[in-house]
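**Q** The structure is given below, and queries will be raised subsequently.
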Amino acid sequence: MPIKSPTEITDAYIGACQPKAESPAWRLLLLAVLAGVLVSMGAVASSSAAFTAPEVGTQRLITGAIFPIGLIMIVLLGAELFTGNALMVTAVLAKEITVGRLLRNWGIVYVGNFIGAVGLAALMAFFGQLNLGSGELAVYTAKVAAAKCQLPWANAFVLGIFCNFLVCIAIYLGNAAHEVSGKIMGVFFPIFGFCLASFEHCIANMYYIPAGIFANMVPGYAAAIAEAGINAGVLTFPTFIVANLIPVTLGNIVGGVAVGVIMYAAHATRKKACE
């Protein structure tokens, strides 16, 4: 069966946005918590495989090969991911939903993603998963978190733009296919690319950075983190939110909305007045 055209994908996505926008808050929140957990599962699995790699390039390759399982599961299960929902701007432009409905969806989904990702980070840190390699995974987790918290604000913002540009393209490519295998391949490669480039994804960082913060709260891990020379002073929630989460989130919105606007302008045929 041939793949869907960009026009078919765009029009179909616009048509799917009204149910997403009108969905009950409890359902959005539940599916958003699920998405936060699934993205974080990709992060857990990729970090668990990458932490023993001898150099950064190999770590990036391993992460890129494994991390996409999170978004693949989200796409196939219909979970609600804040970054992917940036594409709902197409339905606003088509006058299928209002800006208020869009912002409602974004707000509920963002909170749910946060709950799922931070909750899983706490469980991994406090219940032994970071013990792998005699605690070396905990050190690696803290190192990743500290590096993210020390990015210049403008760098985090720009890296966030390009990350969600690729995430939303992954959503488009996944929607081009009719079969599960095609959806998986469509999602995989753009996410593989953003991992290789070390772009910044706000929902993934809701796992990566809190996991490092929580690891530093465990005495045995904290000693190893200090011995490794990691700047544990930045492993706090205020630093996480101000230095990383805010700029990355804003960048993700810009990148995702850019994809939606481009695809709407170039391909959309579905338009109507808001009722």
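Chain lettering (A, B, ...) mirrors the order of the structure tokens, residue numbering begins at 1 for each chain separately, and ligand numbering begins at 1 in order of display.
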For range 152-166 of chain A, find every residue with an atom within 10 Å (counting only C-alpha atoms), except residues of its own chain fewer than 3 positions away, and show them as a PyMOL selection string.
**A** chain A and resi 83-84+86+148-149+169-172+187+189-195+197-202+242-260
**Q** If you count only C-alpha atoms, which residues fall within 8 Å of Leu102 in chain A, apart from same-chain ones fewer than 4 positions away, as a ChimeraX atom specification?
**A** /A:21,88-89,92,97-98,106
**Q** May I ask which of the residues A:Leu77, A:Val56, A:Val144, A:Ile62 is the closest one to Tyr207 in chain A, counting only C-alpha atoms?
**A**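 Ranked by minimum distance to Tyr207 in chain A, first place goes to A:Val144.
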**Q** Determine, counting only C-alpha atoms, which protein, DNA and RNA residues have an atom within 9 Å of an atom of Ile74 in chain A; residues of the same chain fewer than 6 positions away are not included. Present the result as a PyMOL selection string.
**A** chain A and resi 34-35+38-39+80-81
**Q** Would you mind listing what lies within 7 Å of Ala117 in chain A as a count of residues only, with only C-alpha atoms counted and same-chain residues fewer than 6 positions away left out?
**A** 5
**Q** Report, in Å with one decimal, the straight-line distance from CA of Val167 in chain A to CA of Ala25 in chain A.
**A**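 According to the coordinates, CA of Val167 in chain A and CA of Ala25 in chain A are separated by 24.4 Å.
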**Q** In Å, rounded to a single decimal, give me how far CA of Ser134 in chain A is from CA of Tyr221 in chain A.
**A**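 A separation of 9.7 Å between them.
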**Q** Compile the contact shell of Ala177 in chain A as a PyMOL selection string: residues with an atom at most 7 Å away, counting only C-alpha atoms, same-chain residues fewer than 6 positions apart removed.
**A** chain A and resi 3-4+183
**Q** Name the residues in contact with Ala122 in chain A at a cut-off of 10 Å, using only C-alpha atoms, excluding same-chain residues fewer than 4 positions from it; report them as a PyMOL selection string.
**A** chain A and resi 117-118+126-127+207+210-215
**Q** Could you take the residues named above and write them with all heavy atoms, as a compact mmCIF listing (two decimals), in the first residue's frame?
**A**
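Result written to result_9.txt:
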```
# COMPACT_ATOMS: atom_id res chain seq x y z
N ALA A 117 7.35 11.40 34.00
CA ALA A 117 8.80 11.35 33.85
C ALA A 117 9.51 11.49 35.19
O ALA A 117 10.43 10.71 35.50
CB ALA A 117 9.26 12.46 32.90
N VAL A 118 9.10 12.45 36.00
CA VAL A 118 9.75 12.66 37.30
C VAL A 118 9.45 11.49 38.24
O VAL A 118 10.33 11.05 39.00
CB VAL A 118 9.32 14.00 37.92
CG1 VAL A 118 9.91 14.16 39.33
CG2 VAL A 118 9.77 15.16 37.04
N PHE A 126 15.79 5.69 43.52
CA PHE A 126 15.64 5.28 44.92
C PHE A 126 15.42 3.79 45.11
O PHE A 126 15.45 3.29 46.24
CB PHE A 126 14.50 6.05 45.58
CG PHE A 126 14.74 7.53 45.68
CD1 PHE A 126 13.76 8.44 45.29
CD2 PHE A 126 15.95 8.03 46.15
CE1 PHE A 126 13.99 9.81 45.39
CE2 PHE A 126 16.19 9.38 46.25
CZ PHE A 126 15.21 10.29 45.86
N PHE A 127 15.19 3.06 44.00
CA PHE A 127 14.91 1.63 44.14
C PHE A 127 15.88 0.75 43.36
O PHE A 127 15.54 -0.35 42.95
CB PHE A 127 13.45 1.34 43.76
CG PHE A 127 12.47 1.90 44.75
CD1 PHE A 127 11.99 3.19 44.61
CD2 PHE A 127 12.07 1.16 45.86
CE1 PHE A 127 11.10 3.73 45.54
CE2 PHE A 127 11.19 1.69 46.78
CZ PHE A 127 10.70 2.98 46.63
N TYR A 207 13.00 13.46 32.79
CA TYR A 207 13.59 12.26 33.37
C TYR A 207 15.07 12.45 33.66
O TYR A 207 15.53 12.26 34.78
CB TYR A 207 13.43 11.03 32.47
CG TYR A 207 14.26 9.88 33.01
CD1 TYR A 207 13.78 9.12 34.07
CD2 TYR A 207 15.54 9.63 32.53
CE1 TYR A 207 14.56 8.10 34.63
CE2 TYR A 207 16.32 8.62 33.08
CZ TYR A 207 15.84 7.86 34.12
OH TYR A 207 16.63 6.88 34.68
N PRO A 210 15.96 15.21 36.72
CA PRO A 210 15.54 14.73 38.04
C PRO A 210 16.21 13.42 38.44
O PRO A 210 16.51 13.22 39.63
CB PRO A 210 14.03 14.57 37.88
CG PRO A 210 13.67 15.63 36.89
CD PRO A 210 14.79 15.58 35.89
N ALA A 211 16.48 12.53 37.49
CA ALA A 211 17.18 11.28 37.84
C ALA A 211 18.55 11.58 38.42
O ALA A 211 18.99 10.94 39.40
CB ALA A 211 17.30 10.37 36.62
N GLY A 212 19.24 12.56 37.83
CA GLY A 212 20.54 12.97 38.38
C GLY A 212 20.40 13.63 39.74
O GLY A 212 21.23 13.41 40.64
N ILE A 213 19.37 14.45 39.89
CA ILE A 213 19.12 15.10 41.18
C ILE A 213 18.83 14.06 42.26
O ILE A 213 19.39 14.10 43.37
CB ILE A 213 17.94 16.09 41.07
CG1 ILE A 213 18.32 17.26 40.15
CG2 ILE A 213 17.53 16.60 42.45
CD1 ILE A 213 17.14 18.16 39.79
N PHE A 214 17.96 13.12 41.95
CA PHE A 214 17.62 12.07 42.92
C PHE A 214 18.82 11.18 43.22
O PHE A 214 19.02 10.75 44.37
CB PHE A 214 16.45 11.24 42.40
CG PHE A 214 15.15 11.98 42.29
CD1 PHE A 214 14.29 11.78 41.21
CD2 PHE A 214 14.77 12.91 43.25
CE1 PHE A 214 13.09 12.47 41.11
CE2 PHE A 214 13.57 13.60 43.16
CZ PHE A 214 12.73 13.38 42.08
N ALA A 215 19.63 10.87 42.20
CA ALA A 215 20.82 10.06 42.43
C ALA A 215 21.74 10.73 43.44
O ALA A 215 22.32 10.06 44.32
CB ALA A 215 21.56 9.82 41.12
```
